[in-house]
>>> print(open('target-v4.cif').read())   # mmCIF, C-alpha atoms and all ligand atoms
data_query
loop_
_atom_site.label_atom_id
_atom_site.label_comp_id
_atom_site.auth_asym_id
_atom_site.auth_seq_id
_atom_site.Cartn_x
_atom_site.Cartn_y
_atom_site.Cartn_z
CA MET O 1 -10.49 8.57 -30.47
CA ASN O 2 -7.87 10.78 -28.84
CA ASN O 3 -8.78 10.52 -25.19
CA ILE O 4 -8.37 8.44 -22.07
CA SER O 5 -10.97 5.85 -23.19
CA ILE O 6 -8.25 4.08 -25.22
CA ILE O 7 -6.52 3.06 -21.98
CA GLY O 8 -9.39 0.69 -21.15
CA LYS O 9 -8.64 -1.89 -18.45
CA SER O 10 -4.96 -0.84 -18.38
CA CYS O 11 -6.11 2.18 -16.35
CA CYS O 12 -4.62 2.07 -12.84
CA GLY O 13 -7.34 4.33 -11.40
CA CYS O 14 -5.11 7.18 -10.20
CA THR O 15 -7.67 9.79 -11.40
CA GLY O 16 -4.91 12.06 -12.76
CA CYS O 17 -6.77 12.47 -16.06
CA GLU O 18 -9.95 13.59 -14.31
CA GLN O 19 -8.00 16.14 -12.29
CA ALA O 20 -6.06 17.42 -15.32
CA CYS O 21 -8.85 17.70 -17.88
CA PRO O 22 -9.20 21.42 -18.79
CA LYS O 23 -12.87 20.93 -19.66
CA GLY O 24 -13.72 18.85 -16.57
CA CYS O 25 -15.33 16.30 -18.85
CA ILE O 26 -13.82 13.13 -17.32
CA SER O 27 -15.46 11.37 -14.41
CA PHE O 28 -14.69 8.11 -12.63
CA SER O 29 -17.35 5.53 -11.79
CA PRO O 30 -17.22 1.90 -10.63
CA ASP O 31 -17.49 -1.11 -12.94
CA SER O 32 -19.35 -4.26 -11.88
CA GLU O 33 -16.37 -5.36 -9.74
CA GLY O 34 -16.22 -2.00 -7.97
CA PHE O 35 -13.03 -0.68 -9.59
CA PHE O 36 -13.23 2.94 -10.75
CA TYR O 37 -12.64 3.78 -14.44
CA PRO O 38 -12.85 7.07 -16.34
CA ALA O 39 -15.65 8.00 -18.72
CA VAL O 40 -15.44 10.96 -21.08
CA ASP O 41 -18.33 13.26 -21.89
CA GLU O 42 -17.65 13.26 -25.64
CA SER O 43 -19.93 16.25 -26.22
CA ARG O 44 -17.55 18.44 -24.17
CA CYS O 45 -14.22 16.77 -25.02
CA ILE O 46 -11.99 18.95 -27.24
CA ASN O 47 -9.52 16.13 -27.96
CA CYS O 48 -6.64 18.14 -26.50
CA GLY O 49 -4.92 14.94 -25.35
CA VAL O 50 -4.03 16.32 -21.90
CA CYS O 51 -5.59 13.25 -20.26
CA LEU O 52 -3.25 10.90 -22.10
CA LYS O 53 -0.23 13.13 -21.47
CA LYS O 54 -0.96 12.99 -17.73
CA CYS O 55 -1.67 9.25 -17.63
CA PRO O 56 1.15 7.27 -15.94
CA VAL O 57 0.19 4.15 -17.90
CA HIS O 58 0.39 5.97 -21.25
CA THR O 59 3.32 8.32 -20.54
CA ASP O 60 6.81 7.59 -19.30
CA VAL O 61 7.69 9.26 -16.01
CA PRO O 62 11.22 9.73 -14.67
CA SER O 63 12.44 7.02 -12.33
CA GLY O 64 15.58 6.27 -10.35
CA THR O 65 18.16 3.67 -11.32
CA ASN O 66 20.61 1.66 -9.19
CA PRO O 67 19.03 2.41 -5.83
CA GLN O 68 20.95 2.18 -2.57
CA VAL O 69 19.28 -0.50 -0.48
CA PHE O 70 18.94 -0.63 3.30
CA ALA O 71 17.27 -2.64 6.03
CA ALA O 72 15.94 -0.16 8.58
CA LYS O 73 13.85 0.28 11.71
CA ILE O 74 13.01 3.39 13.63
CA LYS O 75 14.23 3.84 17.20
CA ASP O 76 10.77 4.81 18.45
CA THR O 77 9.49 1.30 19.12
CA GLN O 78 5.93 2.41 19.99
CA THR O 79 5.51 4.01 16.58
CA ALA O 80 7.13 1.01 14.88
CA PHE O 81 4.65 -1.27 16.66
CA LYS O 82 1.73 0.59 15.06
CA SER O 83 3.34 0.69 11.62
CA THR O 84 3.34 -2.01 8.99
CA SER O 85 7.05 -2.65 8.77
CA GLY O 86 9.86 -0.77 10.51
CA GLY O 87 7.93 2.52 10.72
CA VAL O 88 10.17 4.59 8.46
CA PHE O 89 7.18 6.30 6.83
CA THR O 90 6.16 8.01 10.07
CA GLU O 91 9.66 9.36 10.77
CA LEU O 92 9.76 10.75 7.25
CA ALA O 93 6.32 12.29 7.72
CA LYS O 94 7.41 13.90 11.01
CA TYR O 95 10.42 15.38 9.21
CA ALA O 96 8.14 16.91 6.56
CA LEU O 97 5.73 18.31 9.17
CA LYS O 98 8.61 19.87 11.16
CA LYS O 99 9.51 21.81 8.01
CA GLY O 100 5.97 23.23 8.03
CA GLY O 101 4.98 20.70 5.41
CA ILE O 102 1.92 18.68 4.59
CA VAL O 103 1.74 14.89 4.25
CA TYR O 104 -0.52 12.99 1.83
CA GLY O 105 -1.24 9.31 2.36
CA CYS O 106 -3.94 6.70 2.65
CA ALA O 107 -6.37 6.62 5.61
CA PHE O 108 -9.65 4.90 6.38
CA ASP O 109 -12.61 7.27 6.67
CA GLU O 110 -15.37 6.74 9.27
CA ASN O 111 -16.90 4.02 7.06
CA LEU O 112 -13.54 2.27 6.55
CA VAL O 113 -13.27 3.45 2.96
CA ALA O 114 -9.60 3.93 1.95
CA LYS O 115 -8.93 7.47 0.74
CA HIS O 116 -5.87 9.66 0.39
CA ILE O 117 -5.99 12.58 2.80
CA ALA O 118 -3.78 15.51 3.78
CA VAL O 119 -2.32 15.57 7.28
CA GLU O 120 -0.82 18.71 8.82
CA LYS O 121 -0.49 17.69 12.49
CA GLU O 122 1.77 15.05 14.00
CA SER O 123 -1.10 13.93 16.22
CA GLU O 124 -3.02 12.84 13.10
CA LEU O 125 -0.27 10.81 11.45
CA PHE O 126 -1.67 7.65 13.01
CA LYS O 127 -4.44 7.78 10.36
CA LEU O 128 -1.87 7.08 7.63
CA GLN O 129 -0.05 4.35 9.52
CA SER O 130 -0.51 0.73 8.54
CA SER O 131 -1.24 -0.70 5.10
CA LYS O 132 -4.80 -0.79 3.83
CA TYR O 133 -4.94 -3.66 1.36
CA VAL O 134 -7.57 -2.12 -0.90
CA GLN O 135 -7.45 0.53 -3.65
CA SER O 136 -7.31 4.04 -2.22
CA ASP O 137 -9.36 6.91 -3.69
CA LEU O 138 -7.15 9.77 -4.94
CA SER O 139 -9.91 12.11 -6.15
CA GLY O 140 -8.75 15.72 -6.03
CA ILE O 141 -5.44 14.87 -4.33
CA TYR O 142 -3.02 15.65 -7.18
CA SER O 143 -4.61 19.08 -7.70
CA ASP O 144 -4.35 19.78 -4.00
CA VAL O 145 -0.68 18.70 -3.93
CA LYS O 146 0.07 21.02 -6.87
CA ALA O 147 -1.63 23.96 -5.16
CA LYS O 148 0.34 23.40 -1.94
CA LEU O 149 3.62 23.07 -3.86
CA ASN O 150 2.92 26.33 -5.66
CA GLU O 151 2.31 27.99 -2.28
CA GLY O 152 5.86 26.93 -1.39
CA ARG O 153 4.84 24.31 1.19
CA THR O 154 6.94 21.18 1.65
CA VAL O 155 4.83 18.23 0.47
CA LEU O 156 5.38 14.55 1.25
CA PHE O 157 3.27 12.31 -0.97
CA SER O 158 3.07 8.58 -0.30
CA GLY O 159 1.37 6.01 -2.50
CA THR O 160 1.72 2.85 -4.54
CA GLY O 161 4.02 2.86 -7.58
CA CYS O 162 1.23 3.83 -9.97
CA GLN O 163 -0.06 6.54 -7.62
CA ALA O 164 3.42 8.05 -7.25
CA ALA O 165 3.94 7.88 -11.03
CA GLY O 166 0.48 9.41 -11.50
CA LEU O 167 1.52 12.40 -9.40
CA ARG O 168 4.79 12.81 -11.33
CA ALA O 169 2.89 12.68 -14.64
CA PHE O 170 0.24 15.10 -13.37
CA LEU O 171 2.82 17.66 -12.19
CA GLY O 172 4.96 17.25 -15.31
CA LYS O 173 8.09 18.50 -13.50
CA ASP O 174 9.93 18.05 -10.20
CA TYR O 175 9.63 20.59 -7.40
CA ASP O 176 12.40 21.22 -4.84
CA ASN O 177 9.74 21.19 -2.09
CA LEU O 178 8.24 17.82 -3.13
CA ILE O 179 9.16 14.47 -1.57
CA VAL O 180 7.67 11.36 -3.13
CA THR O 181 7.72 7.96 -1.47
CA ASP O 182 6.30 4.88 -3.10
CA ILE O 183 5.58 1.53 -1.53
CA VAL O 184 6.26 -1.85 -3.06
CA CYS O 185 2.84 -3.17 -4.00
CA HIS O 186 1.63 -6.51 -5.28
CA GLY O 187 -1.84 -5.29 -6.29
CA VAL O 188 -5.12 -3.89 -4.98
CA PRO O 189 -8.62 -5.38 -4.54
CA SER O 190 -11.66 -3.18 -5.23
CA PRO O 191 -13.27 -0.90 -2.62
CA LEU O 192 -16.56 -2.75 -3.24
CA LEU O 193 -15.02 -6.11 -2.34
CA PHE O 194 -13.63 -4.68 0.90
CA LYS O 195 -16.98 -3.06 1.75
CA LYS O 196 -18.79 -6.38 1.22
CA TYR O 197 -16.15 -8.19 3.23
CA LEU O 198 -16.61 -5.83 6.17
CA GLU O 199 -20.37 -6.54 6.07
CA TYR O 200 -19.69 -10.28 5.96
CA LYS O 201 -17.07 -10.13 8.72
CA GLY O 202 -19.36 -7.97 10.86
CA GLY O 203 -22.01 -10.66 10.43
CA THR O 204 -19.64 -13.34 11.71
CA LEU O 205 -18.80 -11.17 14.74
CA GLY O 206 -22.38 -10.10 15.42
CA GLY O 207 -21.92 -6.35 14.91
CA LYS O 208 -20.73 -3.60 12.58
CA ILE O 209 -16.96 -3.50 12.05
CA THR O 210 -15.78 -0.19 13.49
CA ALA O 211 -12.01 -0.63 13.09
CA TYR O 212 -9.85 -2.83 10.90
CA ASN O 213 -6.07 -3.25 10.87
CA PHE O 214 -4.49 -5.40 8.17
CA ARG O 215 -1.14 -5.52 9.95
CA SER O 216 -1.87 -5.73 13.66
CA LYS O 217 1.25 -6.63 15.66
CA GLU O 218 -0.66 -7.26 18.89
CA LYS O 219 -0.90 -11.02 18.58
CA ARG O 220 2.30 -12.13 16.91
CA GLY O 221 4.41 -9.07 16.14
CA TRP O 222 5.49 -8.39 12.56
CA ASP O 223 3.45 -10.80 10.48
CA LEU O 224 0.32 -10.90 8.34
CA TYR O 225 -2.28 -10.68 11.12
CA TYR O 226 -5.47 -8.65 10.84
CA LYS O 227 -7.55 -7.28 13.67
CA ALA O 228 -11.26 -6.58 13.12
CA GLU O 229 -13.22 -4.78 15.82
CA THR O 230 -16.90 -4.25 16.52
CA GLU O 231 -18.20 -2.25 19.48
CA ASN O 232 -18.15 -5.34 21.71
CA LYS O 233 -15.84 -7.85 20.09
CA SER O 234 -12.59 -8.16 18.25
CA LYS O 235 -10.99 -10.87 16.17
CA SER O 236 -7.38 -11.20 15.13
CA ASP O 237 -6.08 -14.00 12.95
CA TYR O 238 -3.55 -14.91 10.32
CA GLY O 239 -4.31 -13.47 6.87
CA PHE O 240 -4.23 -16.85 5.13
CA PHE O 241 -7.08 -17.98 7.45
CA ASP O 242 -9.44 -15.26 6.19
CA PRO O 243 -11.31 -15.18 2.86
CA TYR O 244 -10.60 -11.57 1.80
CA TYR O 245 -7.02 -11.52 3.06
CA SER O 246 -6.00 -14.91 1.68
CA ALA O 247 -7.46 -14.07 -1.76
CA PHE O 248 -5.45 -10.83 -1.59
CA LEU O 249 -2.24 -12.63 -0.63
CA LYS O 250 -2.81 -15.16 -3.42
CA CYS O 251 -3.20 -12.33 -5.98
CA GLN O 252 -6.75 -13.42 -6.93
CA THR O 253 -8.69 -10.19 -6.58
CA TYR O 254 -6.54 -7.41 -8.03
CA ARG O 255 -7.42 -4.66 -10.44
CA GLU O 256 -6.66 -5.93 -13.95
CA SER O 257 -3.93 -3.31 -14.45
CA CYS O 258 -1.99 -4.68 -11.45
CA TYR O 259 -1.15 -7.84 -13.39
CA GLU O 260 0.55 -5.68 -16.05
CA CYS O 261 1.94 -3.09 -13.66
CA LYS O 262 4.78 -1.23 -15.32
CA PHE O 263 5.97 0.06 -11.91
CA ALA O 264 6.63 -3.39 -10.46
CA ASN O 265 10.39 -3.25 -10.89
CA SER O 266 13.43 -1.63 -9.30
CA ARG O 267 13.25 1.60 -11.35
CA ARG O 268 11.12 3.47 -8.83
CA THR O 269 9.33 6.79 -9.21
CA GLY O 270 9.60 7.70 -5.51
CA ASP O 271 12.64 9.45 -4.04
CA LEU O 272 12.47 6.68 -1.49
CA THR O 273 10.72 3.30 -1.73
CA LEU O 274 9.32 1.65 1.40
CA ALA O 275 8.48 -2.01 1.91
CA ASP O 276 8.66 -4.91 4.33
CA PHE O 277 12.11 -6.48 4.42
CA TRP O 278 10.82 -10.00 3.90
CA GLY O 279 13.69 -12.45 4.12
CA ILE O 280 15.57 -10.42 6.77
CA GLN O 281 15.91 -13.58 8.90
CA LYS O 282 17.82 -15.22 6.08
CA PHE O 283 19.94 -12.30 4.84
CA HIS O 284 20.58 -10.21 7.97
CA PRO O 285 19.45 -12.39 10.91
CA ARG O 286 20.98 -10.13 13.56
CA PHE O 287 18.95 -7.18 12.31
CA TYR O 288 15.60 -9.02 12.58
CA ASP O 289 13.12 -7.33 14.94
CA LYS O 290 9.75 -8.67 16.04
CA ASN O 291 8.43 -5.11 15.68
CA GLY O 292 9.20 -5.11 11.97
CA VAL O 293 11.97 -4.22 9.56
CA SER O 294 11.60 -1.89 6.59
CA LEU O 295 13.20 -2.33 3.23
CA ILE O 296 14.31 1.05 1.91
CA LEU O 297 15.37 1.92 -1.62
CA VAL O 298 17.06 5.30 -1.96
CA ASN O 299 16.36 6.17 -5.57
CA THR O 300 17.31 9.81 -6.17
CA GLU O 301 19.70 12.53 -4.97
CA LYS O 302 16.81 14.04 -3.02
CA GLY O 303 16.18 10.62 -1.51
CA LYS O 304 19.84 10.49 -0.37
CA MET O 305 19.54 13.88 1.31
CA LEU O 306 16.35 12.78 3.12
CA TRP O 307 17.87 9.50 4.19
CA GLU O 308 20.75 11.39 5.84
CA GLU O 309 18.25 13.60 7.69
CA LEU O 310 16.60 10.46 9.12
CA VAL O 311 19.83 8.89 10.40
CA PRO O 312 19.44 10.03 14.05
CA LYS O 313 15.97 8.48 14.25
CA ILE O 314 16.77 5.17 12.59
CA GLU O 315 18.90 2.06 12.86
CA SER O 316 19.93 0.76 9.46
CA ILE O 317 22.34 -1.55 7.70
CA PRO O 318 23.25 -1.59 4.02
CA SER O 319 21.81 -4.42 1.94
CA SER O 320 21.47 -5.10 -1.76
CA LEU O 321 18.84 -5.26 -4.45
CA ASP O 322 19.66 -8.92 -5.08
CA LYS O 323 18.67 -9.75 -1.50
CA ALA O 324 15.62 -7.48 -1.50
CA VAL O 325 14.16 -9.02 -4.65
CA VAL O 326 14.28 -12.63 -3.43
CA MET O 327 11.19 -12.28 -1.21
CA ASN O 328 9.78 -9.11 -2.77
CA LYS O 329 9.00 -10.35 -6.25
CA ASN O 330 7.19 -7.16 -7.22
CA LEU O 331 10.54 -5.41 -7.33
CA SER O 332 11.18 -7.37 -10.52
CA ALA O 333 7.77 -8.18 -12.06
CA PRO O 334 4.03 -7.68 -11.59
CA SER O 335 2.00 -10.34 -9.77
CA ALA O 336 0.95 -13.24 -12.01
CA ARG O 337 -2.76 -13.32 -12.88
CA PRO O 338 -4.22 -16.63 -11.66
CA GLU O 339 -6.79 -18.37 -13.81
CA CYS O 340 -9.47 -17.99 -11.13
CA ARG O 341 -9.23 -14.15 -11.38
CA SER O 342 -11.67 -14.09 -14.33
CA GLY O 343 -14.75 -15.06 -12.33
CA ILE O 344 -13.64 -14.16 -8.82
CA TYR O 345 -15.98 -11.16 -8.49
CA ASP O 346 -19.04 -13.05 -9.83
CA GLY O 347 -21.66 -13.23 -7.11
CA ILE O 348 -20.33 -10.29 -5.11
CA ASP O 349 -23.80 -8.68 -5.21
CA GLY O 350 -25.52 -11.85 -4.03
CA ASP O 351 -25.64 -13.53 -0.63
CA LEU O 352 -22.44 -12.53 1.19
CA ASN O 353 -22.11 -15.69 3.21
CA THR O 354 -22.27 -17.79 0.06
CA TYR O 355 -19.82 -15.53 -1.76
CA PHE O 356 -17.17 -15.45 0.95
CA THR O 357 -17.42 -19.12 1.89
CA THR O 358 -17.50 -20.52 -1.65
CA LYS O 359 -15.97 -18.08 -4.18
CA LEU O 360 -13.34 -16.87 -1.73
CA ALA O 361 -13.06 -20.18 0.11
CA PHE O 362 -9.58 -20.93 1.45
CA LYS O 363 -7.88 -24.03 2.79
CA VAL O 364 -6.00 -23.96 6.06
CA ASP O 365 -2.72 -25.83 5.81
CA PRO O 366 -2.47 -27.83 9.09
CA LYS O 367 1.31 -27.34 9.20
CA VAL O 368 0.92 -23.58 8.97
CA LYS O 369 -1.86 -23.69 11.56
CA LEU O 370 0.43 -25.55 13.94
CA LYS O 371 3.30 -23.14 13.28
CA LYS O 372 1.04 -20.21 14.07
CA MET O 373 0.03 -21.83 17.36
CA LEU O 374 3.59 -21.88 18.67
CA PRO O 375 4.43 -18.89 20.87
CA PRO O 376 6.10 -16.21 18.70
CA GLY O 377 8.86 -15.72 21.29
CA LEU O 378 9.95 -19.33 20.77
CA LYS O 379 10.71 -18.75 17.12
CA ASP O 380 12.75 -15.63 17.98
CA ALA O 381 14.75 -17.53 20.59
CA VAL O 382 15.59 -20.30 18.09
CA ARG O 383 16.53 -17.68 15.53
CA LYS O 384 18.90 -15.96 17.99
CA ILE O 385 20.61 -19.23 18.87
CA LYS O 386 21.04 -20.04 15.17
CA SER O 387 22.56 -16.64 14.36
C1 LIG S 401 -1.84 -2.53 -1.37
C2 LIG S 401 -0.47 -2.68 -0.78
C3 LIG S 401 0.35 -3.72 -1.18
C4 LIG S 401 1.63 -3.86 -0.64
N1 LIG S 401 2.44 -4.88 -1.07
C5 LIG S 401 3.67 -5.02 -0.54
C6 LIG S 401 4.54 -6.08 -0.95
O1 LIG S 401 4.17 -6.88 -1.81
N2 LIG S 401 5.77 -6.18 -0.39
C7 LIG S 401 6.21 -5.29 0.56
O2 LIG S 401 7.32 -5.43 1.05
N3 LIG S 401 5.43 -4.25 0.95
C8 LIG S 401 4.18 -4.11 0.43
N4 LIG S 401 3.40 -3.06 0.82
C9 LIG S 401 4.02 -1.98 1.63
C10 LIG S 401 4.10 -2.26 3.10
O3 LIG S 401 2.93 -2.96 3.51
C11 LIG S 401 4.21 -0.94 3.92
O4 LIG S 401 3.27 -0.01 3.45
C12 LIG S 401 5.54 -0.27 3.81
O5 LIG S 401 6.53 -1.18 4.19
C13 LIG S 401 5.61 0.97 4.69
O6 LIG S 401 5.61 0.60 6.01
P1 LIG S 401 6.01 1.59 7.20
O7 LIG S 401 6.13 0.77 8.43
O8 LIG S 401 7.17 2.45 6.81
O9 LIG S 401 4.79 2.61 7.22
P2 LIG S 401 3.30 2.60 7.71
O10 LIG S 401 3.16 3.47 8.89
O11 LIG S 401 2.73 1.28 7.80
O12 LIG S 401 2.65 3.47 6.55
C14 LIG S 401 1.84 3.00 5.62
C15 LIG S 401 2.07 3.83 4.37
O13 LIG S 401 1.41 3.16 3.33
C16 LIG S 401 0.47 4.03 2.72
N5 LIG S 401 -0.70 3.23 2.37
C17 LIG S 401 -1.43 2.45 3.18
N6 LIG S 401 -2.41 1.88 2.50
C18 LIG S 401 -2.31 2.31 1.24
C19 LIG S 401 -3.09 2.10 0.07
N7 LIG S 401 -4.15 1.32 0.04
N8 LIG S 401 -2.71 2.72 -1.06
C20 LIG S 401 -1.64 3.56 -1.07
N9 LIG S 401 -0.88 3.80 0.01
C21 LIG S 401 -1.22 3.17 1.15
C22 LIG S 401 0.17 5.12 3.73
O14 LIG S 401 -0.19 6.29 3.06
C23 LIG S 401 1.50 5.24 4.45
O15 LIG S 401 2.34 6.07 3.72
C24 LIG S 401 2.09 -2.92 0.32
C25 LIG S 401 1.25 -1.89 0.76
C26 LIG S 401 -0.03 -1.75 0.21
C27 LIG S 401 -0.90 -0.61 0.67
#
>>> encode(input="target-v4.cif", output="structure tokens")
Amino acid sequence: MNNISIIGKSCCGCTGCEQACPKGCISFSPDSEGFFYPAVDESRCINCGVCLKKCPVHTDVPSGTNPQVFAAKIKDTQTAFKSTSGGVFTELAKYALKKGGIVYGCAFDENLVAKHIAVEKESELFKLQSSKYVQSDLSGIYSDVKAKLNEGRTVLFSGTGCQAAGLRAFLGKDYDNLIVTDIVCHGVPSPLLFKKYLEYKGGTLGGKITAYNFRSKEKRGWDLYYKAETENKSKSDYGFFDPYYSAFLKCQTYRESCYECKFANSRRTGDLTLADFWGIQKFHPRFYDKNGVSLILVNTEKGKMLWEELVPKIESIPSSLDKAVVMNKNLSAPSARPECRSGIYDGIDGDLNTYFTTKLAFKVDPKVKLKKMLPPGLKDAVRKIKS
């Protein structure tokens, strides 16, 4: 067997092999958990091995070493408020668009399915803002990126470590007009689980969920609060008090390949790496901002040039990898696979109420509950006095 089938459950689902296959004989379909895996039509496969050559799990892709590390936040506080962390992604995207470029990133479609899309107008960048904690569909995206690069367009691609590596492997070479950013990622649940969750959550709110934000800052600023909306109602709460979100945060529902992720380290494939600067209160308390602070890794020479271009739009201070890794463990290792992962998807096709209240049951720690009831401003005031 000389094709992508040998990758098995190590497959990260980037779909690069499907897009690269010269015979078009690879297609992705969901397994029982709802994660997409490739299947090869053996009758048409010519065993050329292109699929394996383009697979980021099978092939080594170039990555940066010894990144420069910064804590950063953009000056445009309205944009930062709608972003996950300090909003650096949007400033970078605006820079690419001003050069006549095109930006690829993850958006929810009208059914709240996470998909990578291309954005060419600044007014549509909001679609890419904010993290969607579910695996994004990349079908056709790498081919589209390649076509745009060959037309001479500036392209900014943003994705998880495996998605960024998948693009590098697919292209097989760097392009002067390509900017790659990757995000620090601890793992992705399946699109099926998120779909079922939205049905369940809609049931608890008495209507169809029409909008969902995993990182809403409306209630308590930069924290792990979701906001789910139906036509008539909305609900915002702390992620650890929600079945889907708490299972995500506890690493219980990830794609199997996430637990062996070879991109969960500080040798990044993006020119720049974006993340939340967790631990900023401890390491750089004066730089803390309730609107969010980004952690930035500048990994390549191109990344350095881009970072300089962003200077007028951003406030930043130098930091170090040692500090960044303390609270961002996936900069040094993949998430650990908990024992409960094995059966966590069992019952997903059954009664949703039963599934989400038993299989994904969560316990609310009364101390955390109390902490989350205190006004957020109070914590900031104490922090300022301490620093
Ligand atoms: C699944 C996942 C896990 C993450 N885990 C961590 C973590 O452990 N630690 C940490 O510090 N940061 C993590 N992040 C990254 C962090 O949440 C922010 O995405 C990052 O800090 C950028 O924030 P921003 O304010 O600059 O941009 P934002 O405006 O919030 O931009 C979001 C960016 O993320 C991309 N994106 C959103 N959802 C997805 C998705 N499902 N797949 C691929 N790309 C997506 C968008 O394309 C856009 O480029 C994770 C993000 C995701 C999607």
>>> residues_around(input="target-v4.cif", residues="Phe70 of chain O", least_positions_apart="5", cutoff="10 Å", atoms="all atoms listed in the file", output="list in words")
Phe277, Ser294, Leu295, Ile296, Leu297, Val298, Glu315, Ser316, Ile317, Pro318, Ser319, Ser320, Leu321 and Ala324 of chain O
>>> residues_near_ligand(input="target-v4.cif", ligand="ligand LIG 401 (chain S)", cutoff="6 Å", atoms="all atoms listed in the file", output="NGL selection string")
:O and (83-90 or 105-106 or 128-136 or 158-160 or 183-188 or 274-277 or 294 or 328)
>>> closest_residue(input="target-v4.cif", among="O:Ser246, O:Thr358, O:Tyr104, O:Glu91", to="Asp346 of chain O", atoms="all atoms listed in the file")
O:Thr358
>>> residues_around(input="target-v4.cif", residues="Leu171 of chain O", least_positions_apart="4", cutoff="10 Å", atoms="only C-alpha atoms", output="ChimeraX atom specification")
/O:16,20,54,142-143,145-146,149,165-167,175
>>> closest_residue(input="target-v4.cif", among="O:Phe126, O:Tyr95, O:Tyr259, O:Phe362", to="Gln78 of chain O", atoms="only C-alpha atoms")
O:Phe126
>>> closest_residue(input="target-v4.cif", among="O:Tyr355, O:Tyr225, O:Phe194, O:Phe241", to="Gly343 of chain O", atoms="all atoms listed in the file")
O:Tyr355
>>> closest_residue(input="target-v4.cif", among="O:Phe28, O:Trp278, O:Tyr197, O:Tyr254", to="Leu224 of chain O", atoms="only C-alpha atoms")
O:Trp278
>>> decode(input="target-v4.cif", residues="segment 148-159 of chain O", atoms="N, CA, C and O atoms", output="mmCIF file, in the first residue's frame")
data_model
loop_
_atom_site.group_PDB
_atom_site.id
_atom_site.type_symbol
_atom_site.label_atom_id
_atom_site.label_comp_id
_atom_site.auth_asym_id
_atom_site.auth_seq_id
_atom_site.Cartn_x
_atom_site.Cartn_y
_atom_site.Cartn_z
ATOM 1 N N LYS O 148 -4.178 31.657 -6.432
ATOM 2 C CA LYS O 148 -4.059 33.108 -6.182
ATOM 3 C C LYS O 148 -2.582 33.513 -6.101
ATOM 4 O O LYS O 148 -2.201 34.585 -6.574
ATOM 5 N N LEU O 149 -1.760 32.674 -5.491
ATOM 6 C CA LEU O 149 -0.323 32.984 -5.409
ATOM 7 C C LEU O 149 0.270 33.044 -6.812
ATOM 8 O O LEU O 149 1.063 33.939 -7.129
ATOM 9 N N ASN O 150 -0.126 32.103 -7.656
ATOM 10 C CA ASN O 150 0.410 32.081 -9.016
ATOM 11 C C ASN O 150 -0.077 33.257 -9.858
ATOM 12 O O ASN O 150 0.570 33.643 -10.823
ATOM 13 N N GLU O 151 -1.211 33.851 -9.445
ATOM 14 C CA GLU O 151 -1.679 35.075 -10.126
ATOM 15 C C GLU O 151 -0.909 36.290 -9.643
ATOM 16 O O GLU O 151 -1.119 37.400 -10.121
ATOM 17 N N GLY O 152 -0.076 36.092 -8.603
ATOM 18 C CA GLY O 152 0.727 37.202 -8.070
ATOM 19 C C GLY O 152 0.050 37.949 -6.933
ATOM 20 O O GLY O 152 0.570 38.963 -6.461
ATOM 21 N N ARG O 153 -1.105 37.451 -6.467
ATOM 22 C CA ARG O 153 -1.795 38.124 -5.358
ATOM 23 C C ARG O 153 -1.068 37.861 -4.043
ATOM 24 O O ARG O 153 -0.515 36.777 -3.836
ATOM 25 N N THR O 154 -1.116 38.841 -3.132
ATOM 26 C CA THR O 154 -0.633 38.609 -1.771
ATOM 27 C C THR O 154 -1.668 37.732 -1.084
ATOM 28 O O THR O 154 -2.872 37.998 -1.176
ATOM 29 N N VAL O 155 -1.221 36.680 -0.412
ATOM 30 C CA VAL O 155 -2.150 35.786 0.297
ATOM 31 C C VAL O 155 -1.751 35.698 1.760
ATOM 32 O O VAL O 155 -0.586 35.466 2.084
ATOM 33 N N LEU O 156 -2.728 35.920 2.647
ATOM 34 C CA LEU O 156 -2.528 35.644 4.071
ATOM 35 C C LEU O 156 -3.365 34.421 4.409
ATOM 36 O O LEU O 156 -4.593 34.429 4.244
ATOM 37 N N PHE O 157 -2.704 33.357 4.844
ATOM 38 C CA PHE O 157 -3.419 32.157 5.273
ATOM 39 C C PHE O 157 -3.283 32.026 6.780
ATOM 40 O O PHE O 157 -2.183 32.150 7.331
ATOM 41 N N SER O 158 -4.411 31.754 7.451
ATOM 42 C CA SER O 158 -4.374 31.554 8.897
ATOM 43 C C SER O 158 -5.028 30.231 9.246
ATOM 44 O O SER O 158 -6.107 29.899 8.738
ATOM 45 N N GLY O 159 -4.378 29.477 10.110
ATOM 46 C CA GLY O 159 -4.962 28.189 10.516
ATOM 47 C C GLY O 159 -4.227 27.617 11.712
ATOM 48 O O GLY O 159 -3.274 28.222 12.233
#
